[in-house]
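Below is entry-v1.txt, holding compact mmCIF, N, CA and C atoms.
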```txt
# COMPACT_ATOMS: atom_id res chain seq x y z
N ASP F 109 3.29 -270.70 -6.98
CA ASP F 109 4.52 -270.31 -7.64
C ASP F 109 5.11 -269.04 -7.04
N ALA F 110 4.46 -268.49 -6.04
CA ALA F 110 4.99 -267.31 -5.37
C ALA F 110 5.65 -267.74 -4.07
N TYR F 111 6.61 -266.96 -3.63
CA TYR F 111 7.24 -267.26 -2.36
C TYR F 111 7.19 -266.01 -1.49
N THR F 112 7.25 -266.23 -0.20
CA THR F 112 7.03 -265.14 0.76
C THR F 112 8.32 -264.87 1.52
N THR F 113 8.63 -263.58 1.67
CA THR F 113 9.71 -263.14 2.53
C THR F 113 9.11 -262.15 3.50
N GLY F 114 8.95 -262.54 4.72
CA GLY F 114 8.29 -261.69 5.70
C GLY F 114 6.82 -261.54 5.32
N LEU F 115 6.36 -260.32 5.17
CA LEU F 115 4.98 -260.06 4.78
C LEU F 115 4.81 -259.79 3.29
N VAL F 116 5.93 -259.80 2.55
CA VAL F 116 5.90 -259.46 1.12
C VAL F 116 5.92 -260.73 0.29
N LYS F 117 5.01 -260.80 -0.66
CA LYS F 117 4.92 -261.97 -1.54
C LYS F 117 5.65 -261.63 -2.84
N TYR F 118 6.62 -262.48 -3.22
CA TYR F 118 7.39 -262.27 -4.44
C TYR F 118 6.99 -263.27 -5.50
N ARG F 119 7.07 -262.84 -6.74
CA ARG F 119 6.73 -263.70 -7.86
C ARG F 119 7.77 -263.46 -8.96
N ASP F 120 8.10 -264.48 -9.71
CA ASP F 120 9.04 -264.31 -10.82
C ASP F 120 8.43 -263.40 -11.88
N PRO F 121 9.27 -262.67 -12.63
CA PRO F 121 8.73 -261.79 -13.68
C PRO F 121 8.06 -262.59 -14.79
N TYR F 122 7.10 -261.96 -15.41
CA TYR F 122 6.37 -262.62 -16.49
C TYR F 122 7.25 -262.69 -17.73
N PRO F 123 7.28 -263.84 -18.41
CA PRO F 123 8.08 -263.93 -19.64
C PRO F 123 7.46 -263.16 -20.81
N PHE F 124 6.15 -262.96 -20.78
CA PHE F 124 5.48 -262.26 -21.87
C PHE F 124 4.25 -261.58 -21.30
N GLY F 125 4.00 -260.37 -21.77
CA GLY F 125 2.81 -259.65 -21.32
C GLY F 125 3.16 -258.59 -20.30
N VAL F 126 2.12 -257.98 -19.77
CA VAL F 126 2.28 -256.90 -18.80
C VAL F 126 2.07 -257.46 -17.40
N ASP F 127 3.00 -257.14 -16.54
CA ASP F 127 2.91 -257.58 -15.16
C ASP F 127 1.72 -256.89 -14.48
N PRO F 128 0.85 -257.64 -13.81
CA PRO F 128 -0.32 -257.03 -13.17
C PRO F 128 0.03 -256.04 -12.06
N SER F 129 1.29 -256.01 -11.63
CA SER F 129 1.64 -255.06 -10.58
C SER F 129 1.59 -253.61 -11.08
N TRP F 130 1.53 -253.40 -12.41
CA TRP F 130 1.36 -252.04 -12.94
C TRP F 130 -0.04 -251.52 -12.66
N ARG F 131 -0.99 -252.41 -12.44
CA ARG F 131 -2.38 -252.00 -12.21
C ARG F 131 -2.47 -251.15 -10.95
N GLY F 132 -2.95 -249.94 -11.12
CA GLY F 132 -3.15 -249.06 -9.98
C GLY F 132 -1.92 -248.26 -9.57
N SER F 133 -0.79 -248.47 -10.25
CA SER F 133 0.40 -247.70 -9.87
C SER F 133 0.30 -246.27 -10.40
N ARG F 134 1.15 -245.40 -9.90
CA ARG F 134 1.11 -243.99 -10.29
C ARG F 134 1.50 -243.81 -11.76
N SER F 135 2.39 -244.65 -12.26
CA SER F 135 2.87 -244.49 -13.62
C SER F 135 2.22 -245.47 -14.60
N GLU F 136 1.08 -246.03 -14.22
CA GLU F 136 0.41 -247.01 -15.07
C GLU F 136 0.04 -246.43 -16.43
N LEU F 137 -0.56 -245.27 -16.45
CA LEU F 137 -1.03 -244.66 -17.69
C LEU F 137 0.14 -244.34 -18.63
N ALA F 138 1.19 -243.74 -18.11
CA ALA F 138 2.35 -243.40 -18.95
C ALA F 138 3.02 -244.66 -19.48
N PHE F 139 3.16 -245.68 -18.65
CA PHE F 139 3.80 -246.92 -19.07
C PHE F 139 2.99 -247.62 -20.15
N LEU F 140 1.68 -247.78 -19.91
CA LEU F 140 0.85 -248.50 -20.87
C LEU F 140 0.71 -247.73 -22.19
N ASN F 141 0.61 -246.41 -22.14
CA ASN F 141 0.53 -245.63 -23.38
C ASN F 141 1.83 -245.75 -24.17
N SER F 142 2.95 -245.70 -23.49
CA SER F 142 4.24 -245.85 -24.18
C SER F 142 4.36 -247.23 -24.80
N MET F 143 3.95 -248.26 -24.07
CA MET F 143 4.04 -249.61 -24.60
C MET F 143 3.12 -249.80 -25.81
N LYS F 144 1.90 -249.26 -25.72
CA LYS F 144 0.95 -249.39 -26.84
C LYS F 144 1.44 -248.64 -28.07
N MET F 145 2.06 -247.48 -27.87
CA MET F 145 2.58 -246.71 -28.99
C MET F 145 3.71 -247.47 -29.68
N LYS F 146 4.60 -248.06 -28.92
CA LYS F 146 5.70 -248.81 -29.49
C LYS F 146 5.20 -250.07 -30.20
N MET F 147 4.22 -250.72 -29.62
CA MET F 147 3.66 -251.91 -30.29
C MET F 147 2.96 -251.54 -31.58
N SER F 148 2.28 -250.40 -31.61
CA SER F 148 1.61 -249.99 -32.85
C SER F 148 2.63 -249.63 -33.92
N ILE F 149 3.78 -249.08 -33.54
CA ILE F 149 4.84 -248.82 -34.52
C ILE F 149 5.34 -250.13 -35.10
N LEU F 150 5.58 -251.12 -34.23
CA LEU F 150 6.07 -252.42 -34.72
C LEU F 150 5.07 -253.08 -35.65
N PHE F 151 3.79 -253.09 -35.26
CA PHE F 151 2.78 -253.69 -36.12
C PHE F 151 2.62 -252.91 -37.43
N GLY F 152 2.69 -251.59 -37.37
CA GLY F 152 2.56 -250.78 -38.57
C GLY F 152 3.70 -251.01 -39.55
N VAL F 153 4.92 -251.07 -39.05
CA VAL F 153 6.08 -251.31 -39.92
C VAL F 153 6.00 -252.72 -40.52
N ALA F 154 5.60 -253.68 -39.71
CA ALA F 154 5.46 -255.05 -40.25
C ALA F 154 4.37 -255.09 -41.32
N HIS F 155 3.28 -254.38 -41.12
CA HIS F 155 2.19 -254.34 -42.08
C HIS F 155 2.63 -253.67 -43.38
N MET F 156 3.37 -252.56 -43.26
CA MET F 156 3.86 -251.88 -44.47
C MET F 156 4.86 -252.74 -45.22
N ASN F 157 5.73 -253.45 -44.49
CA ASN F 157 6.67 -254.36 -45.15
C ASN F 157 5.92 -255.46 -45.88
N LEU F 158 4.87 -255.99 -45.28
CA LEU F 158 4.07 -257.02 -45.94
C LEU F 158 3.44 -256.49 -47.22
N GLY F 159 2.94 -255.26 -47.17
CA GLY F 159 2.34 -254.67 -48.37
C GLY F 159 3.35 -254.49 -49.50
N ILE F 160 4.56 -254.07 -49.15
CA ILE F 160 5.60 -253.89 -50.18
C ILE F 160 6.04 -255.24 -50.73
N ILE F 161 6.13 -256.25 -49.87
CA ILE F 161 6.50 -257.59 -50.34
C ILE F 161 5.41 -258.14 -51.26
N LEU F 162 4.15 -257.88 -50.95
CA LEU F 162 3.08 -258.31 -51.85
C LEU F 162 3.14 -257.59 -53.19
N SER F 163 3.59 -256.33 -53.19
CA SER F 163 3.75 -255.62 -54.47
C SER F 163 4.85 -256.25 -55.31
N TYR F 164 5.87 -256.83 -54.66
CA TYR F 164 6.91 -257.56 -55.40
C TYR F 164 6.31 -258.77 -56.10
N PHE F 165 5.52 -259.55 -55.36
CA PHE F 165 4.91 -260.74 -55.98
C PHE F 165 3.94 -260.35 -57.09
N ASN F 166 3.25 -259.23 -56.93
CA ASN F 166 2.36 -258.74 -57.97
C ASN F 166 3.15 -258.35 -59.21
N ALA F 167 4.26 -257.64 -59.03
CA ALA F 167 5.10 -257.24 -60.17
C ALA F 167 5.73 -258.46 -60.84
N ARG F 168 6.13 -259.43 -60.03
CA ARG F 168 6.72 -260.64 -60.61
C ARG F 168 5.68 -261.44 -61.39
N PHE F 169 4.45 -261.48 -60.89
CA PHE F 169 3.39 -262.19 -61.58
C PHE F 169 3.11 -261.57 -62.95
N PHE F 170 3.09 -260.24 -63.00
CA PHE F 170 2.83 -259.56 -64.27
C PHE F 170 4.09 -259.34 -65.10
N GLY F 171 5.23 -259.81 -64.63
CA GLY F 171 6.48 -259.72 -65.39
C GLY F 171 7.00 -258.31 -65.54
N SER F 172 6.79 -257.46 -64.57
CA SER F 172 7.23 -256.07 -64.63
C SER F 172 8.51 -255.88 -63.84
N SER F 173 9.64 -256.05 -64.51
CA SER F 173 10.92 -255.85 -63.82
C SER F 173 11.13 -254.38 -63.50
N LEU F 174 10.46 -253.51 -64.24
CA LEU F 174 10.54 -252.08 -63.97
C LEU F 174 9.97 -251.75 -62.59
N ASP F 175 8.85 -252.37 -62.24
CA ASP F 175 8.26 -252.15 -60.92
C ASP F 175 9.14 -252.70 -59.81
N ILE F 176 9.79 -253.82 -60.07
CA ILE F 176 10.66 -254.41 -59.05
C ILE F 176 11.88 -253.54 -58.82
N ARG F 177 12.52 -253.09 -59.90
CA ARG F 177 13.73 -252.28 -59.76
C ARG F 177 13.47 -250.88 -59.24
N TYR F 178 12.41 -250.24 -59.72
CA TYR F 178 12.21 -248.83 -59.43
C TYR F 178 11.11 -248.53 -58.42
N GLN F 179 10.43 -249.55 -57.93
CA GLN F 179 9.45 -249.33 -56.87
C GLN F 179 9.73 -250.22 -55.66
N PHE F 180 9.81 -251.53 -55.87
CA PHE F 180 9.97 -252.44 -54.74
C PHE F 180 11.27 -252.19 -53.98
N VAL F 181 12.39 -252.18 -54.69
CA VAL F 181 13.69 -252.02 -54.03
C VAL F 181 13.81 -250.67 -53.31
N PRO F 182 13.51 -249.54 -53.97
CA PRO F 182 13.61 -248.26 -53.24
C PRO F 182 12.64 -248.15 -52.06
N GLN F 183 11.43 -248.70 -52.21
CA GLN F 183 10.48 -248.62 -51.11
C GLN F 183 10.96 -249.43 -49.91
N MET F 184 11.51 -250.61 -50.14
CA MET F 184 12.02 -251.43 -49.04
C MET F 184 13.19 -250.74 -48.35
N ILE F 185 14.08 -250.17 -49.15
CA ILE F 185 15.24 -249.49 -48.56
C ILE F 185 14.79 -248.28 -47.75
N PHE F 186 13.90 -247.48 -48.31
CA PHE F 186 13.45 -246.27 -47.61
C PHE F 186 12.71 -246.62 -46.32
N LEU F 187 11.78 -247.55 -46.40
CA LEU F 187 11.00 -247.91 -45.22
C LEU F 187 11.89 -248.47 -44.12
N ASN F 188 12.78 -249.38 -44.48
CA ASN F 188 13.56 -250.06 -43.46
C ASN F 188 14.76 -249.26 -42.99
N SER F 189 15.23 -248.30 -43.80
CA SER F 189 16.34 -247.48 -43.32
C SER F 189 15.88 -246.50 -42.25
N LEU F 190 14.64 -246.10 -42.26
CA LEU F 190 14.14 -245.18 -41.24
C LEU F 190 13.30 -245.91 -40.19
N PHE F 191 12.22 -246.52 -40.60
CA PHE F 191 11.29 -247.11 -39.65
C PHE F 191 11.72 -248.51 -39.21
N GLY F 192 12.44 -249.21 -40.07
CA GLY F 192 13.01 -250.49 -39.64
C GLY F 192 14.05 -250.28 -38.56
N TYR F 193 14.83 -249.19 -38.70
CA TYR F 193 15.81 -248.84 -37.67
C TYR F 193 15.11 -248.49 -36.36
N LEU F 194 14.02 -247.74 -36.45
CA LEU F 194 13.25 -247.40 -35.25
C LEU F 194 12.69 -248.66 -34.60
N SER F 195 12.20 -249.59 -35.39
CA SER F 195 11.68 -250.85 -34.84
C SER F 195 12.78 -251.65 -34.16
N LEU F 196 13.96 -251.65 -34.77
CA LEU F 196 15.09 -252.35 -34.16
C LEU F 196 15.46 -251.70 -32.83
N LEU F 197 15.43 -250.37 -32.78
CA LEU F 197 15.72 -249.68 -31.53
C LEU F 197 14.70 -250.03 -30.45
N ILE F 198 13.44 -250.12 -30.82
CA ILE F 198 12.39 -250.47 -29.85
C ILE F 198 12.63 -251.86 -29.28
N ILE F 199 12.93 -252.81 -30.15
CA ILE F 199 13.15 -254.19 -29.69
C ILE F 199 14.39 -254.28 -28.82
N VAL F 200 15.47 -253.59 -29.22
CA VAL F 200 16.70 -253.60 -28.41
C VAL F 200 16.44 -252.95 -27.05
N LYS F 201 15.65 -251.86 -27.03
CA LYS F 201 15.34 -251.20 -25.77
C LYS F 201 14.54 -252.13 -24.85
N TRP F 202 13.58 -252.85 -25.41
CA TRP F 202 12.79 -253.77 -24.60
C TRP F 202 13.63 -254.92 -24.06
N CYS F 203 14.51 -255.45 -24.90
CA CYS F 203 15.29 -256.63 -24.49
C CYS F 203 16.42 -256.28 -23.52
N SER F 204 17.00 -255.08 -23.66
CA SER F 204 18.14 -254.73 -22.82
C SER F 204 17.74 -253.93 -21.58
N GLY F 205 16.54 -253.39 -21.55
CA GLY F 205 16.13 -252.57 -20.42
C GLY F 205 16.76 -251.19 -20.45
N SER F 206 17.19 -250.75 -21.61
CA SER F 206 17.84 -249.45 -21.75
C SER F 206 16.85 -248.33 -21.44
N GLN F 207 17.39 -247.20 -20.99
CA GLN F 207 16.57 -246.04 -20.68
C GLN F 207 16.69 -244.97 -21.77
N ALA F 208 17.22 -245.32 -22.93
CA ALA F 208 17.41 -244.36 -24.03
C ALA F 208 16.05 -243.82 -24.49
N ASP F 209 16.03 -242.55 -24.84
CA ASP F 209 14.82 -241.90 -25.31
C ASP F 209 14.78 -241.99 -26.84
N LEU F 210 13.86 -242.76 -27.36
CA LEU F 210 13.81 -243.00 -28.80
C LEU F 210 13.41 -241.76 -29.59
N TYR F 211 12.66 -240.85 -28.97
CA TYR F 211 12.30 -239.61 -29.66
C TYR F 211 13.55 -238.83 -30.02
N HIS F 212 14.43 -238.68 -29.05
CA HIS F 212 15.64 -237.91 -29.30
C HIS F 212 16.58 -238.63 -30.26
N VAL F 213 16.63 -239.94 -30.19
CA VAL F 213 17.48 -240.69 -31.12
C VAL F 213 17.04 -240.45 -32.56
N MET F 214 15.73 -240.51 -32.82
CA MET F 214 15.25 -240.29 -34.18
C MET F 214 15.38 -238.83 -34.61
N ILE F 215 15.13 -237.91 -33.71
CA ILE F 215 15.24 -236.49 -34.07
C ILE F 215 16.68 -236.13 -34.37
N TYR F 216 17.61 -236.54 -33.51
CA TYR F 216 19.01 -236.20 -33.73
C TYR F 216 19.62 -236.99 -34.87
N MET F 217 19.00 -238.07 -35.28
CA MET F 217 19.48 -238.78 -36.46
C MET F 217 19.32 -237.89 -37.69
N PHE F 218 18.29 -237.04 -37.71
CA PHE F 218 18.09 -236.12 -38.82
C PHE F 218 18.85 -234.81 -38.64
N LEU F 219 19.06 -234.41 -37.40
CA LEU F 219 19.67 -233.11 -37.15
C LEU F 219 21.19 -233.13 -37.06
N SER F 220 21.78 -234.25 -36.71
CA SER F 220 23.24 -234.27 -36.54
C SER F 220 23.91 -234.59 -37.87
N PRO F 221 24.72 -233.67 -38.38
CA PRO F 221 25.29 -233.86 -39.72
C PRO F 221 26.51 -234.77 -39.76
N THR F 222 27.05 -235.18 -38.65
CA THR F 222 28.30 -235.95 -38.69
C THR F 222 28.17 -237.39 -38.23
N ASP F 223 26.99 -237.82 -37.91
CA ASP F 223 26.83 -239.20 -37.45
C ASP F 223 27.01 -240.18 -38.60
N GLU F 224 27.31 -241.42 -38.24
CA GLU F 224 27.49 -242.47 -39.25
C GLU F 224 26.17 -242.90 -39.87
N LEU F 225 25.06 -242.58 -39.23
CA LEU F 225 23.77 -242.99 -39.77
C LEU F 225 23.25 -242.03 -40.84
N ASP F 226 23.93 -240.90 -41.04
CA ASP F 226 23.47 -239.96 -42.06
C ASP F 226 23.52 -240.55 -43.46
N CYS F 227 24.47 -241.46 -43.70
CA CYS F 227 24.52 -242.09 -45.02
C CYS F 227 23.28 -242.96 -45.22
N VAL F 228 22.78 -243.56 -44.15
CA VAL F 228 21.56 -244.37 -44.25
C VAL F 228 20.37 -243.47 -44.60
N ILE F 229 20.29 -242.30 -43.95
CA ILE F 229 19.20 -241.37 -44.22
C ILE F 229 19.28 -240.86 -45.65
N ALA F 230 20.49 -240.45 -46.07
CA ALA F 230 20.66 -239.94 -47.43
C ALA F 230 20.32 -241.01 -48.45
N PHE F 231 20.76 -242.23 -48.20
CA PHE F 231 20.46 -243.32 -49.12
C PHE F 231 18.97 -243.60 -49.17
N GLY F 232 18.32 -243.53 -48.01
CA GLY F 232 16.88 -243.75 -47.96
C GLY F 232 16.12 -242.69 -48.73
N PHE F 233 16.50 -241.42 -48.58
CA PHE F 233 15.81 -240.36 -49.31
C PHE F 233 16.12 -240.41 -50.80
N ASN F 234 17.33 -240.81 -51.18
CA ASN F 234 17.63 -240.99 -52.60
C ASN F 234 16.78 -242.10 -53.19
N CYS F 235 16.57 -243.16 -52.43
CA CYS F 235 15.69 -244.24 -52.91
C CYS F 235 14.26 -243.75 -53.04
N SER F 236 13.84 -242.88 -52.15
CA SER F 236 12.49 -242.33 -52.23
C SER F 236 12.32 -241.50 -53.50
N SER F 237 13.29 -240.67 -53.81
CA SER F 237 13.19 -239.87 -55.04
C SER F 237 13.33 -240.76 -56.27
N MET F 238 14.14 -241.80 -56.17
CA MET F 238 14.26 -242.73 -57.30
C MET F 238 12.93 -243.42 -57.54
N ASP F 239 12.25 -243.76 -56.47
CA ASP F 239 10.93 -244.40 -56.59
C ASP F 239 9.95 -243.45 -57.28
N ALA F 240 10.00 -242.19 -56.91
CA ALA F 240 9.02 -241.23 -57.43
C ALA F 240 9.31 -240.81 -58.87
N LEU F 241 10.57 -240.70 -59.23
CA LEU F 241 10.90 -240.08 -60.52
C LEU F 241 11.33 -241.05 -61.62
N SER F 242 12.01 -242.12 -61.27
CA SER F 242 12.63 -242.96 -62.30
C SER F 242 11.61 -243.63 -63.22
N LYS F 243 10.56 -244.18 -62.66
CA LYS F 243 9.57 -244.86 -63.50
C LYS F 243 8.86 -243.85 -64.40
N THR F 244 8.62 -242.65 -63.89
CA THR F 244 7.99 -241.61 -64.70
C THR F 244 8.86 -241.26 -65.89
N PHE F 245 10.15 -241.02 -65.65
CA PHE F 245 11.05 -240.67 -66.75
C PHE F 245 11.25 -241.83 -67.70
N TYR F 246 11.31 -243.06 -67.18
CA TYR F 246 11.50 -244.22 -68.04
C TYR F 246 10.30 -244.41 -68.97
N THR F 247 9.09 -244.32 -68.44
CA THR F 247 7.91 -244.51 -69.29
C THR F 247 7.72 -243.34 -70.25
N LYS F 248 8.11 -242.13 -69.84
CA LYS F 248 8.02 -240.98 -70.74
C LYS F 248 9.01 -241.12 -71.88
N GLU F 249 10.23 -241.59 -71.60
CA GLU F 249 11.23 -241.79 -72.64
C GLU F 249 10.80 -242.89 -73.59
N ALA F 250 10.19 -243.96 -73.05
CA ALA F 250 9.73 -245.06 -73.89
C ALA F 250 8.58 -244.62 -74.80
N SER F 251 7.78 -243.67 -74.38
CA SER F 251 6.67 -243.21 -75.20
C SER F 251 7.14 -242.36 -76.36
N TYR F 252 8.35 -241.76 -76.26
CA TYR F 252 8.90 -240.98 -77.36
C TYR F 252 9.50 -241.84 -78.46
N ARG F 253 9.76 -243.09 -78.19
CA ARG F 253 10.39 -243.98 -79.19
C ARG F 253 9.40 -244.43 -80.21
```
Render the structure in this file as structure tokens.
Amino acid sequence: DAYTTGLVKYRDPYPFGVDPSWRGSRSELAFLNSMKMKMSILFGVAHMNLGIILSYFNARFFGSSLDIRYQFVPQMIFLNSLFGYLSLLIIVKWCSGSQADLYHVMIYMFLSPTDELDCVIAFGFNCSSMDALSKTFYTKEASYR
């Protein structure tokens, strides 16, 4: 499946996986560490999403609409507004071959006050505080009745 031009043997790029030509190259360590870090982020976000989805089914099984409204929904919004966005950036970077630095994108997303993504961050943090405080206040108010 390889073809030769002069003394150089060419092969089509691999559709999936790491090309063996990285083996022994000068940038092998940096490339593989970066790839492993991005893959661990994707697996971690998928795992956390699965855990939150399982908490929804648990709350639905026990008939707790309070858990669904004040825990499941805010947790999904918070997780996916920050880390889901990062996962989307990783996938877009891999598919498009972009050279964008994801560290700076995430850092400046928090530091730049005028970007359009600030509403996503603010909404995510509001959902986080809603998750932490609303159920506490609701159950405390119900105990006074």
Inset, instruction - Give as a ChimeraX atom specification every residue, naming chains and numbers as the document does, that has an atom within 10 Å of (11.7, -251.0, -31.8), counting only C-alpha atoms. - result: /F:146-147,149-150,153,191-203,210
Centre and edges of the segment 200-219 of chain F box, axis-aligned, 3 Å extra per side, as AutoDock Vina command-line options:
```
--center_x 16.7 --center_y -244.9 --center_z -29.6 --size_x 14.9 --size_y 29.5 --size_z 24.4
```
Legend entry - Among listed residues F:Met217, F:Ile161, F:Val181, F:Met145, nearest Ser236 of chain F (using only C-alpha atoms):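 Looking at the shortest contact to Ser236 of chain F, the residue is F:Val181.
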Inset, instruction - Write out as a list in words the residues lying within 7 Å of segment 182-186 of chain F, counting all atoms listed in the file and excluding same-chain residues fewer than 4 positions away. - result: Ile160, Ile176, Arg177, Tyr178, Leu190, Phe191, Gly192, Phe231, Gly232, Phe233, Asn234, Cys235, Ser236, Met238 and Asp239 of chain F
Emit the selected residues as an mmCIF file, keeping the file's coordinate frame, including N, CA and C atoms.
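Full text of again-v6.cif as output:
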```
data_model
loop_
_atom_site.group_PDB
_atom_site.id
_atom_site.type_symbol
_atom_site.label_atom_id
_atom_site.label_comp_id
_atom_site.auth_asym_id
_atom_site.auth_seq_id
_atom_site.Cartn_x
_atom_site.Cartn_y
_atom_site.Cartn_z
ATOM 1 N N ILE F 160 4.560 -254.070 -49.150
ATOM 2 C CA ILE F 160 5.600 -253.890 -50.180
ATOM 3 C C ILE F 160 6.040 -255.240 -50.730
ATOM 4 N N ILE F 176 9.790 -253.820 -60.070
ATOM 5 C CA ILE F 176 10.660 -254.410 -59.050
ATOM 6 C C ILE F 176 11.880 -253.540 -58.820
ATOM 7 N N ARG F 177 12.520 -253.090 -59.900
ATOM 8 C CA ARG F 177 13.730 -252.280 -59.760
ATOM 9 C C ARG F 177 13.470 -250.880 -59.240
ATOM 10 N N TYR F 178 12.410 -250.240 -59.720
ATOM 11 C CA TYR F 178 12.210 -248.830 -59.430
ATOM 12 C C TYR F 178 11.110 -248.530 -58.420
ATOM 13 N N LEU F 190 14.640 -246.100 -42.260
ATOM 14 C CA LEU F 190 14.140 -245.180 -41.240
ATOM 15 C C LEU F 190 13.300 -245.910 -40.190
ATOM 16 N N PHE F 191 12.220 -246.520 -40.600
ATOM 17 C CA PHE F 191 11.290 -247.110 -39.650
ATOM 18 C C PHE F 191 11.720 -248.510 -39.210
ATOM 19 N N GLY F 192 12.440 -249.210 -40.070
ATOM 20 C CA GLY F 192 13.010 -250.490 -39.640
ATOM 21 C C GLY F 192 14.050 -250.280 -38.560
ATOM 22 N N PHE F 231 20.760 -242.230 -48.200
ATOM 23 C CA PHE F 231 20.460 -243.320 -49.120
ATOM 24 C C PHE F 231 18.970 -243.600 -49.170
ATOM 25 N N GLY F 232 18.320 -243.530 -48.010
ATOM 26 C CA GLY F 232 16.880 -243.750 -47.960
ATOM 27 C C GLY F 232 16.120 -242.690 -48.730
ATOM 28 N N PHE F 233 16.500 -241.420 -48.580
ATOM 29 C CA PHE F 233 15.810 -240.360 -49.310
ATOM 30 C C PHE F 233 16.120 -240.410 -50.800
ATOM 31 N N ASN F 234 17.330 -240.810 -51.180
ATOM 32 C CA ASN F 234 17.630 -240.990 -52.600
ATOM 33 C C ASN F 234 16.780 -242.100 -53.190
ATOM 34 N N CYS F 235 16.570 -243.160 -52.430
ATOM 35 C CA CYS F 235 15.690 -244.240 -52.910
ATOM 36 C C CYS F 235 14.260 -243.750 -53.040
ATOM 37 N N SER F 236 13.840 -242.880 -52.150
ATOM 38 C CA SER F 236 12.490 -242.330 -52.230
ATOM 39 C C SER F 236 12.320 -241.500 -53.500
ATOM 40 N N MET F 238 14.140 -241.800 -56.170
ATOM 41 C CA MET F 238 14.260 -242.730 -57.300
ATOM 42 C C MET F 238 12.930 -243.420 -57.540
ATOM 43 N N ASP F 239 12.250 -243.760 -56.470
ATOM 44 C CA ASP F 239 10.930 -244.400 -56.590
ATOM 45 C C ASP F 239 9.950 -243.450 -57.280
#
```
Legend entry - Two-atom distance - atom CA of Asp127 of chain F, atom C of Gly205 of chain F (Å):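 Straight-line distance from atom CA of Asp127 of chain F to atom C of Gly205 of chain F works out to 16.1 Å.
Rounded to one decimal, atom CA of Ala230 of chain F and atom CA of Ser172 of chain F lie 27.1 Å from each other.
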Inset, instruction - Grab the atom CA of Phe245 of chain F to atom CA of Ser189 of chain F distance for me, in Å with one decimal place. - result: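 Straight-line distance from atom CA of Phe245 of chain F to atom CA of Ser189 of chain F works out to 25.0 Å.
Of the listed residues F:Pro128, F:Asn157, F:Asn141, F:Asp175, the one whose atoms come nearest to Asn188 of chain F is F:Asn157, with distances taken using all atoms listed in the file.
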All residues 12 Å or closer to Val126 of chain F, only C-alpha atoms, same chain fewer than 2 positions away omitted, as an mmCIF file with N, CA and C atoms, keeping the file's coordinate frame:
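Generated output (out_17.cif):
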```cif
data_model
loop_
_atom_site.group_PDB
_atom_site.id
_atom_site.type_symbol
_atom_site.label_atom_id
_atom_site.label_comp_id
_atom_site.auth_asym_id
_atom_site.auth_seq_id
_atom_site.Cartn_x
_atom_site.Cartn_y
_atom_site.Cartn_z
ATOM 1 N N PRO F 121 9.270 -262.670 -12.630
ATOM 2 C CA PRO F 121 8.730 -261.790 -13.680
ATOM 3 C C PRO F 121 8.060 -262.590 -14.790
ATOM 4 N N TYR F 122 7.100 -261.960 -15.410
ATOM 5 C CA TYR F 122 6.370 -262.620 -16.490
ATOM 6 C C TYR F 122 7.250 -262.690 -17.730
ATOM 7 N N PRO F 123 7.280 -263.840 -18.410
ATOM 8 C CA PRO F 123 8.080 -263.930 -19.640
ATOM 9 C C PRO F 123 7.460 -263.160 -20.810
ATOM 10 N N PHE F 124 6.150 -262.960 -20.780
ATOM 11 C CA PHE F 124 5.480 -262.260 -21.870
ATOM 12 C C PHE F 124 4.250 -261.580 -21.300
ATOM 13 N N PRO F 128 0.850 -257.640 -13.810
ATOM 14 C CA PRO F 128 -0.320 -257.030 -13.170
ATOM 15 C C PRO F 128 0.030 -256.040 -12.060
ATOM 16 N N SER F 129 1.290 -256.010 -11.630
ATOM 17 C CA SER F 129 1.640 -255.060 -10.580
ATOM 18 C C SER F 129 1.590 -253.610 -11.080
ATOM 19 N N TRP F 130 1.530 -253.400 -12.410
ATOM 20 C CA TRP F 130 1.360 -252.040 -12.940
ATOM 21 C C TRP F 130 -0.040 -251.520 -12.660
ATOM 22 N N ARG F 131 -0.990 -252.410 -12.440
ATOM 23 C CA ARG F 131 -2.380 -252.000 -12.210
ATOM 24 C C ARG F 131 -2.470 -251.150 -10.950
ATOM 25 N N GLU F 136 1.080 -246.030 -14.220
ATOM 26 C CA GLU F 136 0.410 -247.010 -15.070
ATOM 27 C C GLU F 136 0.040 -246.430 -16.430
ATOM 28 N N PHE F 139 3.160 -245.680 -18.650
ATOM 29 C CA PHE F 139 3.800 -246.920 -19.070
ATOM 30 C C PHE F 139 2.990 -247.620 -20.150
ATOM 31 N N LEU F 140 1.680 -247.780 -19.910
ATOM 32 C CA LEU F 140 0.850 -248.500 -20.870
ATOM 33 C C LEU F 140 0.710 -247.730 -22.190
ATOM 34 N N MET F 143 3.950 -248.260 -24.070
ATOM 35 C CA MET F 143 4.040 -249.610 -24.600
ATOM 36 C C MET F 143 3.120 -249.800 -25.810
ATOM 37 N N LYS F 144 1.900 -249.260 -25.720
ATOM 38 C CA LYS F 144 0.950 -249.390 -26.840
ATOM 39 C C LYS F 144 1.440 -248.640 -28.070
#
```
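With all atoms listed in the file as the atoms that count, the residue of F:Val213, F:Leu219, F:Met156, F:Leu241 with the shortest distance to Leu187 of chain F is F:Met156.
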